[in-house]
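Undergrad: Can you read through this structure? Questions will come right after.
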Amino acid sequence: MESTIDKTIEFVKEKLAGAEAGHDWYHIERVWKLSQEIAQHENSNKEVVELAALLHDIADPKFHNGDETIALKVSREFLEGQNVKEETIEEVLFIIKNISFKNRGEVPKDLPIELKIVQDADRLDAIGAIGVARTFNFGGFKNNLMYHPDIEPKLNMSKEEYKKSNGTTINHFYEKLLLLKDLMNTETGKGLAQERHDFMLKFLEQFYKEWNVE
Ligand code: ADP
Ligand code: NI
């Protein structure tokens with residue numbers, strides 16, 4: 001018999017068919033695998049970790065007119081259909097609801113370890129070489145500029161500065177990607193983040209060097 005995890009994989013693949021390459025099934029698969037790797041070092045409910053990793057981007061508000069409720073509705077309906085028990089459903093939905101970087105100011109303290117794990121995995125997939133690739137893919141998808149030489153990128157830009165800076169793809173590194181290393185929850189996550197972080201710094205250095213040909 002097919003397991004709930006197998007059924008979830010099928011469901012997610014189907015739902016994300018045609019998604020932008022940075023938020024497609026392969027993003028989910030990487031996050032799912034990273035989550036399992038991190039979970040090996042933490043005392044956690046593995047079923048909740050796997051289900052949340054698989055469902056965390058099932059209906060990203062970015063691609064659904066900002067609607068944050070669709071993902072929760074879709075996931076609940078699916079999990080109920082698989083006869084997953086209510087307690088597990090609630091834990092999974094809590095993670096889907098609170099995982100996002102942009103909501104980081106609003107999430108409750110004392111987060112469950114399962115959320116910390118999936119969040120670290122999702123953040124790891126946003127940095128390093130994959131992070132660079134996903135970010136440029138997203139920028140291209142939005143038809144954004146890669147870089148604007150008149151705008152000096154810097155860490156911790158305000159929303160206004162970011163807007164003014166035209167939302168270039170390079171700016172996204174300063175707005176988000178370079179901040180992620182210090183936001184890792186788990187020791188495993190921190191360890192894995194360092195190499196990816198250093199790679200992004202190298203990438204940026206080389207990017208500016210090549211841009212500024214004399
Ligand atoms: P979260 O769900 O944690 O808020 P997002 O889904 O917004 O994160 O971002 C996931 C990935 O999508 C980012 O790591 C990046 O690769 C890409 N992305 C999001 N916004 C932008 C942007 N403005 N420019 C370039 N890439 C972006
Ligand atoms: Ni994600």
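Each chain of the structure tokens is named A, B, ... in the order shown, its residues numbered from 1; ligands are numbered from 1 in display order.
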Could you list, as a ChimeraX atom specification, all protein and nucleic acid residues with an atom at most 7 Å from ligand 2, counting only C-alpha atoms and all ligand atoms?
TA: /A:23,27-28,56-57,122
Undergrad: Select the residues contacting ligand 1 at a distance of at most 6 Å, based on only C-alpha atoms and all ligand atoms, then format the selection as a ChimeraX atom specification.
TA: /A:100-102,126,131,134-135,138-139,167,169,172
Undergrad: May I have the residues from that selection written out with N, CA and C atoms, as a CSV table (one decimal), in the first residue's frame?
TA:
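Contents of the output file result_14.csv:
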```csv
chain,number,residue,atom,x,y,z
A,100,SER,N,7.5,31.4,6.9
A,100,SER,CA,8.0,32.4,5.9
A,100,SER,C,8.9,33.4,6.5
A,101,PHE,N,9.9,33.7,5.8
A,101,PHE,CA,10.9,34.8,6.2
A,101,PHE,C,10.2,36.1,6.4
A,102,LYS,N,9.2,36.4,5.5
A,102,LYS,CA,8.7,37.8,5.6
A,102,LYS,C,7.7,37.9,6.8
A,126,ALA,N,17.6,28.6,0.0
A,126,ALA,CA,17.6,29.9,-0.5
A,126,ALA,C,19.0,30.5,-0.6
A,131,GLY,N,20.8,28.9,-4.1
A,131,GLY,CA,20.2,30.1,-3.8
A,131,GLY,C,20.4,31.2,-4.9
A,134,ARG,N,18.2,30.2,-7.9
A,134,ARG,CA,16.8,30.4,-7.7
A,134,ARG,C,16.4,31.9,-7.7
A,135,THR,N,17.3,32.7,-7.2
A,135,THR,CA,17.1,34.1,-7.1
A,135,THR,C,17.1,34.8,-8.5
A,138,PHE,N,14.0,33.7,-10.3
A,138,PHE,CA,12.8,34.5,-9.9
A,138,PHE,C,12.8,35.9,-10.4
A,139,GLY,N,14.0,36.5,-10.4
A,139,GLY,CA,14.2,37.9,-11.0
A,139,GLY,C,13.8,37.9,-12.5
A,167,GLY,N,14.1,46.8,-6.8
A,167,GLY,CA,14.0,45.4,-6.6
A,167,GLY,C,14.9,44.6,-7.6
A,169,THR,N,17.7,42.0,-8.7
A,169,THR,CA,18.0,40.7,-8.1
A,169,THR,C,19.2,40.7,-7.2
A,172,HIS,N,18.3,41.5,-3.7
A,172,HIS,CA,17.7,40.5,-2.9
A,172,HIS,C,18.7,39.8,-1.9
```
Undergrad: Taking only C-alpha atoms into account, which of A:Ile5, A:Ala19, A:Leu177, A:Leu34 comes nearest A:His64?
TA: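 Checking each candidate against A:His64, we get A:Ala19 as the closest.
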Undergrad: Which value, in Å to one decimal, gives the distance between atom CA of A:Asn171 and atom CA of A:Leu155?
TA: 8.9 Å
Undergrad: Please tabulate, as a Markdown table, the residues of stretch 29-85 of chain A that come within 10 Å of stretch 185-195 of chain A, each with its closest pair of atoms and the distance in Å to one decimal, counting only C-alpha atoms and ordering rows by chain, then residue number upward.
TA:
```
| residue | atom | partner | partner_atom | distance |
| --- | --- | --- | --- | --- |
| A:Leu34 | CA | A:Gly189 | CA | 9.1 |
| A:Ser35 | CA | A:Gly189 | CA | 9.4 |
| A:Glu37 | CA | A:Thr188 | CA | 8.5 |
| A:Ile38 | CA | A:Thr188 | CA | 5.9 |
| A:Ala39 | CA | A:Thr188 | CA | 9.0 |
| A:Gln40 | CA | A:Thr188 | CA | 9.5 |
| A:His41 | CA | A:Thr188 | CA | 7.4 |
| A:Glu42 | CA | A:Thr186 | CA | 8.4 |
```
Undergrad: If you measure from atom CA of A:Phe11 to atom CA of A:Ala121, what distance in Å do you get, rounded to one decimal?
TA: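 The value is 20.6 Å.
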Undergrad: Skipping near chain neighbours, those fewer than 5 positions away, what residues fall within 8 Å of stretch 75-85 of chain A using only C-alpha atoms, listed as a VMD selection string?
TA: chain A and resid 4 55 58 93
Undergrad: For the selection just defined, write its residues with C-alpha atoms to a file, as a PDB file, in the first residue's frame.
TA:
```pdb
ATOM      1  CA  THR A   4       0.821   8.898   3.235  1.00  0.00           C
ATOM      2  CA  LEU A  55       3.404  20.919   1.769  1.00  0.00           C
ATOM      3  CA  ILE A  58       1.750  24.212  -1.908  1.00  0.00           C
ATOM      4  CA  LEU A  93      -0.579  23.677   9.302  1.00  0.00           C
TER       5      LEU A  93
END
```
Undergrad: Between A:Lys202, A:Tyr174, A:Trp211, A:Phe63, which is the closest to A:Lys142 once you count only C-alpha atoms?
TA: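 Among A:Lys202, A:Tyr174, A:Trp211, A:Phe63, it is A:Phe63 that comes nearest to A:Lys142.
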Undergrad: Counting only C-alpha atoms, which of A:Val31, A:Leu54, A:Val49, A:Leu145 gets nearest to A:Asp6?
TA: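 Selected residue with least distance to A:Asp6: A:Leu54.
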Undergrad: Looking only at the backbone, which of the residues in stretch 45-214 of chain A does DSSP tag as alpha helix (DSSP H), as a ChimeraX atom specification?
TA: /A:46-55,70-81,86-98,113-124,128-141,159-164,169-175,187-211
Undergrad: Write a file of the just-selected residues containing C-alpha atoms, as a short mmCIF file (atom, residue, chain, number, x, y, z; two decimals), in the first residue's frame.
TA:
```cif
data_model
loop_
_atom_site.label_atom_id
_atom_site.label_comp_id
_atom_site.auth_asym_id
_atom_site.auth_seq_id
_atom_site.Cartn_x
_atom_site.Cartn_y
_atom_site.Cartn_z
CA LYS A 46 9.44 12.87 11.72
CA GLU A 47 5.97 12.55 10.18
CA VAL A 48 5.19 16.18 10.94
CA VAL A 49 8.60 17.25 9.58
CA GLU A 50 8.15 15.36 6.31
CA LEU A 51 4.55 16.42 5.71
CA ALA A 52 5.30 20.06 6.47
CA ALA A 53 8.39 20.06 4.24
CA LEU A 54 6.37 18.56 1.38
CA LEU A 55 3.40 20.92 1.77
CA ILE A 70 -5.26 28.96 0.36
CA ALA A 71 -2.24 26.86 1.40
CA LEU A 72 -3.85 26.04 4.73
CA LYS A 73 -7.18 25.14 3.17
CA VAL A 74 -5.62 22.98 0.45
CA SER A 75 -3.34 21.19 2.92
CA ARG A 76 -6.08 20.52 5.47
CA GLU A 77 -8.38 19.12 2.83
CA PHE A 78 -5.65 16.85 1.50
CA LEU A 79 -4.51 15.60 4.92
CA GLU A 80 -8.08 14.95 6.09
CA GLY A 81 -8.59 12.95 2.90
CA GLU A 86 -6.15 15.99 13.72
CA GLU A 87 -3.24 16.65 16.05
CA THR A 88 -0.75 16.03 13.23
CA ILE A 89 -2.75 18.17 10.80
CA GLU A 90 -2.69 21.07 13.23
CA GLU A 91 1.07 20.79 13.74
CA VAL A 92 1.69 20.69 9.99
CA LEU A 93 -0.58 23.68 9.30
CA PHE A 94 1.12 25.67 12.05
CA ILE A 95 4.45 25.18 10.27
CA ILE A 96 3.08 26.11 6.84
CA LYS A 97 1.59 29.25 8.33
CA ASN A 98 4.68 30.41 10.21
CA ILE A 113 11.35 21.91 16.80
CA GLU A 114 9.57 20.58 13.69
CA LEU A 115 9.06 24.14 12.45
CA LYS A 116 12.67 25.06 13.21
CA ILE A 117 13.86 22.10 11.16
CA VAL A 118 11.76 22.77 8.06
CA GLN A 119 12.48 26.49 8.26
CA ASP A 120 16.22 25.83 8.34
CA ALA A 121 15.90 23.50 5.36
CA ASP A 122 13.86 26.05 3.39
CA ARG A 123 16.40 28.76 4.22
CA LEU A 124 19.34 26.56 3.23
CA GLY A 128 24.54 28.95 -1.73
CA ALA A 129 24.75 28.10 -5.42
CA ILE A 130 21.14 26.92 -5.51
CA GLY A 131 20.15 30.15 -3.78
CA VAL A 132 21.93 32.20 -6.46
CA ALA A 133 20.25 30.20 -9.21
CA ARG A 134 16.77 30.41 -7.69
CA THR A 135 17.09 34.12 -7.09
CA PHE A 136 18.10 34.93 -10.66
CA ASN A 137 15.39 32.64 -11.94
CA PHE A 138 12.80 34.48 -9.86
CA GLY A 139 14.17 37.87 -10.97
CA GLY A 140 13.92 36.75 -14.59
CA PHE A 141 10.42 35.45 -14.03
CA LYS A 159 11.25 48.58 2.43
CA GLU A 160 11.38 52.11 0.94
CA GLU A 161 15.04 51.84 0.00
CA TYR A 162 14.37 48.46 -1.50
CA LYS A 163 11.50 49.82 -3.58
CA LYS A 164 13.60 52.72 -4.76
CA THR A 169 18.00 40.65 -8.12
CA ILE A 170 21.36 41.59 -6.59
CA ASN A 171 19.47 43.60 -3.98
CA HIS A 172 17.65 40.49 -2.87
CA PHE A 173 20.97 39.19 -1.49
CA TYR A 174 21.18 42.16 0.90
CA GLU A 175 17.50 42.24 1.67
CA GLU A 187 23.24 23.48 14.95
CA THR A 188 23.08 21.30 11.84
CA GLY A 189 21.48 24.17 9.94
CA LYS A 190 24.14 26.60 11.09
CA GLY A 191 26.89 24.26 10.00
CA LEU A 192 25.41 23.76 6.55
CA ALA A 193 24.69 27.48 6.12
CA GLN A 194 28.24 28.70 6.57
CA GLU A 195 29.68 27.20 3.38
CA ARG A 196 26.69 28.38 1.36
CA HIS A 197 26.97 31.88 2.83
CA ASP A 198 30.68 32.13 1.99
CA PHE A 199 29.93 31.01 -1.55
CA MET A 200 27.42 33.86 -2.01
CA LEU A 201 29.96 36.43 -0.81
CA LYS A 202 32.45 35.07 -3.33
CA PHE A 203 29.81 35.14 -6.04
CA LEU A 204 28.99 38.81 -5.32
CA GLU A 205 32.64 39.80 -5.30
CA GLN A 206 33.19 38.15 -8.67
CA PHE A 207 29.94 39.64 -10.04
CA TYR A 208 31.06 43.22 -9.22
CA LYS A 209 34.53 42.53 -10.59
CA GLU A 210 33.11 41.39 -13.91
CA TRP A 211 30.50 44.17 -14.01
#
```
Undergrad: Could you please determine the separation between atom CA of A:Glu214 and atom CA of A:Asn143 in Å, to one decimal place?
TA: 27.4 Å
